[in-house]
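Inspection log for the structure reproduced underneath, given as structure tokens.
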Amino acid sequence: QEIAQQLWTIRREFHTDWISAPNLFDNIRQSKERPVLVAEAQDSPTGGASGDHTALLECLLPHSGELKACIYMVDPSFADRAHAAGVGARIEGAIGASIDARYCQAIHISGVIEHLSDGAFTAKGPAFHGRTFSLGKTAVVAIGKLRIVVATNPVMMIDPELYRSQGVEPSAQDVVGIKSALLFRPAYESIGRTVLQLDARGPCRGRLEAVEFEKINRPIFPVDDFDWAPQEPMRLQRDRPQTRAV
């Protein structure tokens with residue numbers, strides 16, 4: 001009860017500044033530190049998202065001639081096409097929204113295949129240190145100064161080795177896209193400390209006030225504003241009768 005009261009008292013101090021996609025580039029440009037880490041919480045595979053959301057790509061693509069950036073995108077079909085074409089070939093076509101098209105649209109790109117691999121890498125950061133991940137068939141597509149790591153499988157994007165294993169050094173970028181809400185911080189803190197939280201629709205949207213909840217207990221913070229004390233049992237409004245295990 002004491003801990004619950006402490007957390008409840010400071011609940012508003014956990015506020016996060018969410019940046020909408022139309023305002024993201026201006027925030028990147030105004031940042032004096034490099035690289036800027038852009039957290040795509042809405043598309044975090046750790047939370048069950050498909051990793052094929054195009055919001056960050058849509059923001060960075062028009063600036064590929066001026067911003068050195070790397071992003072990660074899951075698109076099995078595009079990765080297959082890249083492997084068939086080979087390193088050095090030019091590839092174009094629609095990318096993204098190939099698994100989950102509910103929240104974004106595919107984007108047409110044209111770039112040069114810079115690197116191909118089987119997508120295996122080992123985490124070296126504090127989280128899941130020593131664990132091997134498999135991106136499946138993976139390609140790096142270069143568009144100006146933008147590098148898109150196109151993978152077959154969605155994986156937890158919590159370690160910079162994902163990029164390094166594909167010949168892309170995140171610390172050398174102006175912008176690094178990270179499809180993770182929080183768990184990336186221990187491994188990435190030595191690379192960059194400026195983190196911009198992208199606010200976009202998606203299965204793992206971080207700005208809870210904007211999520212279209214249908215089946216949750218009410219009231220709940222921060223969706224609702226209410227008074228509460230830990231010694232008082234909460235009276236919850238539920239969508240259906242509760243069953244009791246026997």
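In the structure tokens, chains take the letters A, B, ... in the order shown, each chain's residues start at 1, and ligands count up from 1 in the order shown.
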
Pull the strand (DSSP E) assignments for segment 15-147 of chain A out of DSSP run on the backbone, and list those residues as a tab-separated table (two decimals) with N, CA, C and O atoms, in the first residue's frame.
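Result went into result10.tsv, see below:
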chain	number	residue	atom	x	y	z
A	18	TRP	N	5.11	12.85	-26.59
A	18	TRP	CA	4.90	12.11	-27.83
A	18	TRP	C	4.89	13.08	-29.01
A	18	TRP	O	4.26	14.13	-28.95
A	19	ILE	N	5.59	12.70	-30.08
A	19	ILE	CA	5.73	13.58	-31.24
A	19	ILE	C	5.00	12.95	-32.43
A	19	ILE	O	5.27	11.81	-32.80
A	20	SER	N	4.10	13.70	-33.00
A	20	SER	CA	3.37	13.19	-34.16
A	20	SER	C	4.28	13.14	-35.38
A	20	SER	O	5.28	13.87	-35.46
A	36	VAL	N	20.08	11.02	-33.26
A	36	VAL	CA	18.79	11.10	-32.60
A	36	VAL	C	18.15	9.72	-32.69
A	36	VAL	O	18.07	9.14	-33.77
A	37	LEU	N	17.74	9.18	-31.56
A	37	LEU	CA	17.08	7.88	-31.54
A	37	LEU	C	15.57	8.10	-31.61
A	37	LEU	O	15.01	8.79	-30.77
A	38	VAL	N	14.93	7.51	-32.60
A	38	VAL	CA	13.48	7.63	-32.75
A	38	VAL	C	12.85	6.31	-32.36
A	38	VAL	O	13.06	5.28	-33.02
A	39	ALA	N	12.11	6.32	-31.27
A	39	ALA	CA	11.46	5.11	-30.77
A	39	ALA	C	10.08	4.96	-31.42
A	39	ALA	O	9.23	5.82	-31.27
A	69	ALA	N	20.65	8.21	-42.02
A	69	ALA	CA	19.72	7.52	-41.12
A	69	ALA	C	19.66	6.03	-41.43
A	69	ALA	O	19.95	5.60	-42.55
A	70	CYS	N	19.29	5.26	-40.42
A	70	CYS	CA	19.06	3.83	-40.61
A	70	CYS	C	17.76	3.45	-39.93
A	70	CYS	O	17.47	3.91	-38.82
A	71	ILE	N	16.98	2.63	-40.61
A	71	ILE	CA	15.72	2.15	-40.06
A	71	ILE	C	15.59	0.66	-40.37
A	71	ILE	O	16.28	0.13	-41.24
A	72	TYR	N	14.69	0.03	-39.65
A	72	TYR	CA	14.44	-1.41	-39.78
A	72	TYR	C	13.01	-1.62	-40.23
A	72	TYR	O	12.09	-1.00	-39.70
A	73	MET	N	12.84	-2.47	-41.24
A	73	MET	CA	11.51	-2.71	-41.79
A	73	MET	C	11.35	-4.20	-42.10
A	73	MET	O	12.23	-4.81	-42.72
A	74	VAL	N	10.25	-4.78	-41.66
A	74	VAL	CA	9.96	-6.18	-41.96
A	74	VAL	C	9.10	-6.24	-43.23
A	74	VAL	O	8.04	-5.64	-43.30
A	90	ARG	N	19.79	-2.43	-58.51
A	90	ARG	CA	18.78	-1.45	-58.11
A	90	ARG	C	17.45	-2.18	-57.93
A	90	ARG	O	17.09	-3.03	-58.73
A	91	ILE	N	16.75	-1.83	-56.87
A	91	ILE	CA	15.47	-2.45	-56.59
A	91	ILE	C	14.44	-1.36	-56.31
A	91	ILE	O	14.75	-0.35	-55.69
A	92	GLU	N	13.24	-1.56	-56.78
A	92	GLU	CA	12.18	-0.60	-56.50
A	92	GLU	C	10.86	-1.33	-56.34
A	92	GLU	O	10.71	-2.47	-56.77
A	93	GLY	N	9.94	-0.64	-55.71
A	93	GLY	CA	8.64	-1.24	-55.47
A	93	GLY	C	8.09	-0.83	-54.13
A	93	GLY	O	8.69	-0.02	-53.40
A	94	ALA	N	6.94	-1.37	-53.78
A	94	ALA	CA	6.28	-1.04	-52.52
A	94	ALA	C	6.92	-1.80	-51.37
A	94	ALA	O	7.25	-2.98	-51.49
A	95	ILE	N	7.09	-1.11	-50.25
A	95	ILE	CA	7.66	-1.73	-49.06
A	95	ILE	C	6.83	-1.34	-47.84
A	95	ILE	O	6.28	-0.24	-47.77
A	107	ILE	N	4.91	2.03	-49.03
A	107	ILE	CA	5.54	3.19	-49.67
A	107	ILE	C	6.42	2.70	-50.82
A	107	ILE	O	7.18	1.73	-50.67
A	108	HIS	N	6.34	3.36	-51.94
A	108	HIS	CA	7.17	3.00	-53.09
A	108	HIS	C	8.56	3.59	-52.92
A	108	HIS	O	8.72	4.79	-52.65
A	109	ILE	N	9.57	2.75	-53.04
A	109	ILE	CA	10.95	3.21	-52.93
A	109	ILE	C	11.77	2.72	-54.12
A	109	ILE	O	11.38	1.78	-54.83
A	110	SER	N	12.90	3.34	-54.31
A	110	SER	CA	13.86	2.90	-55.32
A	110	SER	C	15.24	3.10	-54.74
A	110	SER	O	15.61	4.21	-54.34
A	111	GLY	N	16.01	2.02	-54.64
A	111	GLY	CA	17.33	2.11	-54.04
A	111	GLY	C	18.26	1.04	-54.54
A	111	GLY	O	17.90	0.22	-55.40
A	112	VAL	N	19.46	1.02	-54.00
A	112	VAL	CA	20.50	0.07	-54.40
A	112	VAL	C	20.73	-0.92	-53.27
A	112	VAL	O	20.83	-0.53	-52.10
A	113	ILE	N	20.80	-2.20	-53.61
A	113	ILE	CA	21.05	-3.24	-52.61
A	113	ILE	C	22.52	-3.19	-52.22
A	113	ILE	O	23.41	-3.40	-53.03
A	114	GLU	N	22.76	-2.91	-50.95
A	114	GLU	CA	24.11	-2.69	-50.46
A	114	GLU	C	24.68	-3.91	-49.73
A	114	GLU	O	25.90	-4.10	-49.67
A	115	HIS	N	23.79	-4.73	-49.16
A	115	HIS	CA	24.26	-5.84	-48.33
A	115	HIS	C	23.16	-6.89	-48.25
A	115	HIS	O	21.97	-6.57	-48.21
A	116	LEU	N	23.57	-8.17	-48.23
A	116	LEU	CA	22.64	-9.29	-48.08
A	116	LEU	C	23.17	-10.24	-47.02
A	116	LEU	O	24.39	-10.42	-46.89
A	117	SER	N	22.27	-10.85	-46.25
A	117	SER	CA	22.71	-11.82	-45.23
A	117	SER	C	21.57	-12.73	-44.86
A	117	SER	O	20.43	-12.54	-45.29
A	120	ALA	N	21.27	-13.45	-39.11
A	120	ALA	CA	21.59	-13.92	-37.76
A	120	ALA	C	22.52	-12.92	-37.06
A	120	ALA	O	23.48	-12.44	-37.65
A	121	PHE	N	22.22	-12.61	-35.80
A	121	PHE	CA	23.11	-11.76	-35.02
A	121	PHE	C	22.95	-12.08	-33.55
A	121	PHE	O	21.94	-12.65	-33.12
A	122	THR	N	23.96	-11.73	-32.76
A	122	THR	CA	23.97	-12.00	-31.33
A	122	THR	C	23.96	-10.71	-30.54
A	122	THR	O	24.75	-9.80	-30.82
A	132	THR	N	21.05	-15.23	-29.56
A	132	THR	CA	21.09	-15.11	-31.02
A	132	THR	C	19.68	-14.88	-31.57
A	132	THR	O	18.73	-15.55	-31.18
A	133	PHE	N	19.58	-13.91	-32.46
A	133	PHE	CA	18.32	-13.58	-33.10
A	133	PHE	C	18.42	-13.89	-34.60
A	133	PHE	O	19.52	-13.88	-35.17
A	134	SER	N	17.30	-14.13	-35.22
A	134	SER	CA	17.28	-14.41	-36.65
A	134	SER	C	16.30	-13.50	-37.36
A	134	SER	O	15.08	-13.61	-37.18
A	138	THR	N	17.79	-11.04	-45.15
A	138	THR	CA	17.86	-9.62	-44.84
A	138	THR	C	18.65	-8.89	-45.91
A	138	THR	O	19.63	-9.42	-46.44
A	139	ALA	N	18.20	-7.68	-46.23
A	139	ALA	CA	18.90	-6.85	-47.20
A	139	ALA	C	19.01	-5.43	-46.68
A	139	ALA	O	18.14	-4.96	-45.94
A	140	VAL	N	20.09	-4.74	-47.04
A	140	VAL	CA	20.24	-3.33	-46.76
A	140	VAL	C	20.05	-2.57	-48.07
A	140	VAL	O	20.80	-2.79	-49.03
A	141	VAL	N	19.05	-1.71	-48.10
A	141	VAL	CA	18.75	-0.93	-49.29
A	141	VAL	C	19.17	0.52	-49.03
A	141	VAL	O	18.74	1.13	-48.05
A	142	ALA	N	20.02	1.05	-49.91
A	142	ALA	CA	20.53	2.41	-49.78
A	142	ALA	C	19.74	3.35	-50.68
A	142	ALA	O	19.60	3.12	-51.88
A	143	ILE	N	19.22	4.41	-50.05
A	143	ILE	CA	18.54	5.48	-50.77
A	143	ILE	C	19.17	6.79	-50.32
A	143	ILE	O	18.86	7.30	-49.24
A	146	LEU	N	20.08	7.31	-46.61
A	146	LEU	CA	19.19	6.46	-45.81
A	146	LEU	C	19.50	4.99	-46.06
A	146	LEU	O	19.67	4.57	-47.20
A	147	ARG	N	19.57	4.22	-44.98
A	147	ARG	CA	19.77	2.78	-45.08
A	147	ARG	C	18.58	2.07	-44.45
A	147	ARG	O	18.26	2.30	-43.29

Using only C-alpha atoms, tabulate the residues of segment 82-190 of chain A lying at most 7 Å from any atom of segment 45-50 of chain A, each with its closest atom pair and that distance in Å to one decimal, by chain and increasing residue number, as a tab-separated table.
residue	atom	partner	partner_atom	distance
A:Ile99	CA	A:Ser50	CA	6.5
A:Asp100	CA	A:Ser50	CA	6.5
A:Pro154	CA	A:Pro45	CA	5.9
A:Val155	CA	A:Pro45	CA	5.8
A:Met156	CA	A:Thr46	CA	5.0
A:Ser180	CA	A:Thr46	CA	7.0

Practice item. Give the alpha helix (DSSP H) residues of segment 46-88 of chain A, as DSSP finds them on the backbone, and put them as a ChimeraX atom specification. Key: /A:55-60,76-85

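Counting only C-alpha atoms, the residue from A:Pro22, A:Gly192, A:Pro126, A:Pro222 that sits nearest to Gln173 of chain A is A:Gly192.
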
Could you produce a table of the residues of segment 25-117 of chain A lying within 9 Å of segment 205-211 of chain A, with the nearest pair of atoms per residue and their separation in Å rounded to one decimal, using only C-alpha atoms, ordered by chain and increasing residue number, as a tab-separated table?
residue	atom	partner	partner_atom	distance
A:Glu40	CA	A:Arg205	CA	8.6
A:Ala41	CA	A:Gly206	CA	5.8
A:Gln42	CA	A:Arg205	CA	4.0
A:Asp43	CA	A:Arg205	CA	7.6
A:Ser44	CA	A:Arg205	CA	8.9

Deliver the residues from the most recent selection as a file, using N, CA and C atoms, as a PDB file, in the first residue's frame.
ATOM      1  N   GLU A  40       9.909   3.866 -32.132  1.00  0.00           N
ATOM      2  CA  GLU A  40       8.626   3.577 -32.777  1.00  0.00           C
ATOM      3  C   GLU A  40       7.848   2.591 -31.908  1.00  0.00           C
ATOM      4  N   ALA A  41       7.350   3.065 -30.797  1.00  0.00           N
ATOM      5  CA  ALA A  41       6.668   2.186 -29.845  1.00  0.00           C
ATOM      6  C   ALA A  41       5.491   1.468 -30.485  1.00  0.00           C
ATOM      7  N   GLN A  42       4.816   2.150 -31.400  1.00  0.00           N
ATOM      8  CA  GLN A  42       3.596   1.584 -31.983  1.00  0.00           C
ATOM      9  C   GLN A  42       3.860   0.332 -32.811  1.00  0.00           C
ATOM     10  N   ASP A  43       5.114   0.135 -33.203  1.00  0.00           N
ATOM     11  CA  ASP A  43       5.454  -0.994 -34.085  1.00  0.00           C
ATOM     12  C   ASP A  43       6.487  -1.901 -33.444  1.00  0.00           C
ATOM     13  N   SER A  44       6.464  -1.995 -32.131  1.00  0.00           N
ATOM     14  CA  SER A  44       7.468  -2.778 -31.416  1.00  0.00           C
ATOM     15  C   SER A  44       7.190  -4.282 -31.493  1.00  0.00           C
TER      16      SER A  44
END

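Minimum atom-to-atom distances from A:Ala187, A:Ile220, A:Ile148, A:Ala21 to Gly96 of chain A were compared using only C-alpha atoms, and the lowest value belongs to A:Ile148.
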
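Nearest-residue note for Ala55 of chain A: choosing from A:Gln166, A:Asn23, A:Gln105, A:Thr194, the minimum distance belongs to A:Gln105, counting only C-alpha atoms.
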